[in-house]
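Shown next, in C-alpha cells, is the structure this report addresses.
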Amino acid sequence: MPTVVLNPGHNGGNATHTAEINRQVPAGFGAYKACDTTGTNTDAGYPEHAFTFDVSLRVRSILRAHGVRVVMTRYDDTGVGPCVDERAAIGNASNVVAVVSIHADGAPSAGHGFHVNQDSRTPDGATQATVAKSDRLGHAIHDALVASSGLVPSTYIGQNGYYYRSDLAGLNLARRPATFLELGNMRNSGDAAQLSSASGREQIARAVAAGILAYLNG
C-alpha cells in the first residue's frame, strides 16, 4: 500500500510558544531557520493553521477511500510544531511515495490564486530520479487545482501557478518526491471567502486529492 505524507502547515499552539518555534533548526544545504512560524490569517481572523489542518483531514479521507495509507506530520491543531526538519524527516521514511505540504499565503490583497512551490535546485541528499518525481507530483496537483479547485493560478507570484525557490526546508530536505502548495491568498477577499467556507475547503481538498491520485496512478 503506498504511503503519502500530508504536511499541514503551522499549528494552533505556535503563537503562544515563541521561544520554541523560533529555535533554529537545519533547513538544508548547511542553512538554519526557525523551527516553525505562526502562519497567516484572513482579515476576518480565520487562521492558516486551521485551514491547512482542515484541508489535510479532508484530503486524507479521500485518499484512504482509495486505498492509500496516509501519514500526517501533525494530528491536531492545538499543539506546537513540529519543527520543519522534523516534518521533513517524517516525509523521508523509506515507504513514502509522496509528500504534500499544505499552506495558504499571506500576500498583498490585490493578488489571488494558488501556486505550487518546487525546489529550484536538487534537494539536499535527493537523487535525480526523486527530483523528476517531485516535478511530476507538483504538475499533477497543479493540473487538478486548475481543473476543479475553484482557485486560479497565482496572479502575483511565479509563473502560471508554479514558483521555483530554494528557501523552503521541507523541499530542501526532501529525499522523497515532495511538493509545497500555497492554496490561495488569505489576504485577498475572494480567496479568503472560499478558504473560510467548509464547501470551499472541500472543493480544494478534492482537487488536491485528485492530483495526488493522478500522480500515484501515473
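Here's how to read the names in the C-alpha cells: chain A, B, ... by the order shown, residue numbers from 1 in each chain, ligand numbers from 1 in the order shown.
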Neighbouring residues of A:Ser61 were defined as those with any atom within 9 Å, considering only C-alpha atoms; residues of the same chain fewer than 5 positions away were excluded. Please report them as a PDB file with N, CA and C atoms, in the first residue's frame.
ATOM      1  N   SER A  56      -6.172  19.154   5.056  1.00  0.00           N
ATOM      2  CA  SER A  56      -5.409  17.904   5.121  1.00  0.00           C
ATOM      3  C   SER A  56      -6.273  16.746   5.570  1.00  0.00           C
ATOM      4  N   HIS A  66      -9.510   5.505  -1.285  1.00  0.00           N
ATOM      5  CA  HIS A  66      -8.910   4.923  -2.489  1.00  0.00           C
ATOM      6  C   HIS A  66      -7.760   3.970  -2.151  1.00  0.00           C
ATOM      7  N   VAL A  70      -2.096   7.053   4.661  1.00  0.00           N
ATOM      8  CA  VAL A  70      -1.747   8.462   4.856  1.00  0.00           C
ATOM      9  C   VAL A  70      -1.138   8.669   6.234  1.00  0.00           C
TER      10      VAL A  70
END
List as CSV every residue of stretch 43-143 of chain A that is in contact with stretch 5-21 of chain A, defined as an atom at most 9 Å from one of its atoms (using only C-alpha atoms), together with the nearest atom pair and the distance in Å rounded to one decimal, sorted by chain and then rising number.
residue,atom,partner,partner_atom,distance
A:Pro47,CA,A:Gly12,CA,8.5
A:Glu48,CA,A:Gly9,CA,7.6
A:His49,CA,A:Asn11,CA,5.2
A:Ala50,CA,A:Gly12,CA,7.2
A:Phe51,CA,A:Pro8,CA,8.6
A:Thr52,CA,A:Pro8,CA,4.9
A:Phe53,CA,A:Pro8,CA,5.3
A:Asp54,CA,A:Pro8,CA,8.6
A:Val55,CA,A:Pro8,CA,8.1
A:Ser56,CA,A:Pro8,CA,6.1
A:Leu57,CA,A:Leu6,CA,8.9
A:Val59,CA,A:Leu6,CA,8.4
A:Arg60,CA,A:Leu6,CA,7.7
A:Arg69,CA,A:Val5,CA,8.6
A:Val70,CA,A:Val5,CA,5.8
A:Val71,CA,A:Val5,CA,4.7
A:Met72,CA,A:Leu6,CA,5.0
A:Thr73,CA,A:Asn7,CA,5.2
A:Arg74,CA,A:Pro8,CA,7.1
A:Asp76,CA,A:Asn11,CA,8.0
A:Asp77,CA,A:Gly12,CA,4.9
A:Thr78,CA,A:Gly12,CA,4.5
A:Gly79,CA,A:Gly13,CA,4.8
A:Val80,CA,A:Gly13,CA,4.8
A:Gly81,CA,A:Asn11,CA,5.9
A:Pro82,CA,A:His10,CA,8.1
A:Cys83,CA,A:Ile21,CA,7.2
A:Arg87,CA,A:Asn7,CA,7.2
A:Ala88,CA,A:Asn7,CA,8.9
A:Ile90,CA,A:Val5,CA,7.7
A:Gly91,CA,A:Val5,CA,5.9
A:Val96,CA,A:Val5,CA,6.9
A:Val97,CA,A:Val5,CA,8.2
A:Ala98,CA,A:Val5,CA,6.3
A:Val99,CA,A:Val5,CA,4.7
A:Val100,CA,A:Leu6,CA,5.1
A:Ser101,CA,A:Asn7,CA,4.4
A:Ile102,CA,A:Pro8,CA,5.0
A:His103,CA,A:Gly9,CA,5.3
A:Ala104,CA,A:Gly9,CA,8.4
When DSSP is applied to the backbone of this structure, which of chain A are assigned strand (DSSP E or B)? Write them out as JSON, numbers by chain. {"A": [3, 4, 5, 6, 7, 8, 24, 25, 26, 27, 28, 31, 32, 33, 34, 41, 47, 69, 70, 71, 72, 96, 97, 98, 99, 100, 101, 102, 103, 104, 105, 114, 115, 116, 117, 118, 119, 153, 159, 162, 163, 164, 165, 178, 179, 180, 181, 182, 183, 184, 185]}
If I take atom CA of A:Asn188 and atom CA of A:Ser109, how far is one from the other in Å, to one decimal?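 Here the two named atoms are 4.3 Å from each other.
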Between A:Ala193, A:Leu216, A:Ala147, A:Ala209, which is the closest to A:Ala65 once you count only C-alpha atoms? A:Ala209
Sort by chain and increasing residue number a table of all residues of stretch 146-186 of chain A within 8 Å of stretch 115-138 of chain A, each with its closest pair of atoms and their distance in Å to one decimal, counting only C-alpha atoms, and write it as a tab-separated table.
residue	atom	partner	partner_atom	distance
A:Pro153	CA	A:His115	CA	6.1
A:Ser154	CA	A:His115	CA	5.6
A:Ile157	CA	A:His115	CA	7.7
A:Gly158	CA	A:His115	CA	7.4
A:Asn160	CA	A:His115	CA	8.0
A:Gly161	CA	A:His115	CA	4.2
A:Tyr162	CA	A:Val116	CA	4.8
A:Tyr163	CA	A:Asn117	CA	4.9
A:Tyr164	CA	A:Ser120	CA	4.9
A:Arg165	CA	A:Ser120	CA	4.9
A:Ser166	CA	A:Asp119	CA	5.5
A:Leu168	CA	A:Asp119	CA	7.8
A:Leu171	CA	A:Asp119	CA	5.9
A:Asn172	CA	A:Pro123	CA	4.4
A:Leu173	CA	A:Asp124	CA	5.4
A:Ala174	CA	A:Pro123	CA	6.1
A:Arg175	CA	A:Ala126	CA	4.6
A:Arg176	CA	A:Thr130	CA	6.0
A:Pro177	CA	A:Ser134	CA	4.3
A:Ala178	CA	A:Ser134	CA	5.1
A:Thr179	CA	A:Gly138	CA	5.6
A:Phe180	CA	A:Asn117	CA	5.0
A:Leu181	CA	A:Val116	CA	4.8
A:Glu182	CA	A:His115	CA	5.3
A:Leu183	CA	A:His115	CA	6.7
A:Gly184	CA	A:His115	CA	7.5
Residues of stretch 130-186 of chain A in alpha helix (DSSP H) according to DSSP, as a list of chain:residue names? A:Thr130, A:Val131, A:Ala132, A:Lys133, A:Ser134, A:Asp135, A:Arg136, A:Leu137, A:Gly138, A:His139, A:Ala140, A:Ile141, A:His142, A:Asp143, A:Ala144, A:Leu145, A:Val146, A:Ala147, A:Ser148, A:Ala169, A:Gly170, A:Leu171, A:Asn172
Residue nearest A:Asn41 among A:Tyr156, A:Phe114, A:Gly106, A:Ile141 (counting only C-alpha atoms): A:Gly106
Proximity to A:Asp143 - best of A:Ala169, A:Ala210, A:Ala93, A:Ala110, only C-alpha atoms: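 That would be A:Ala210, the residue with the smallest distance to A:Asp143.
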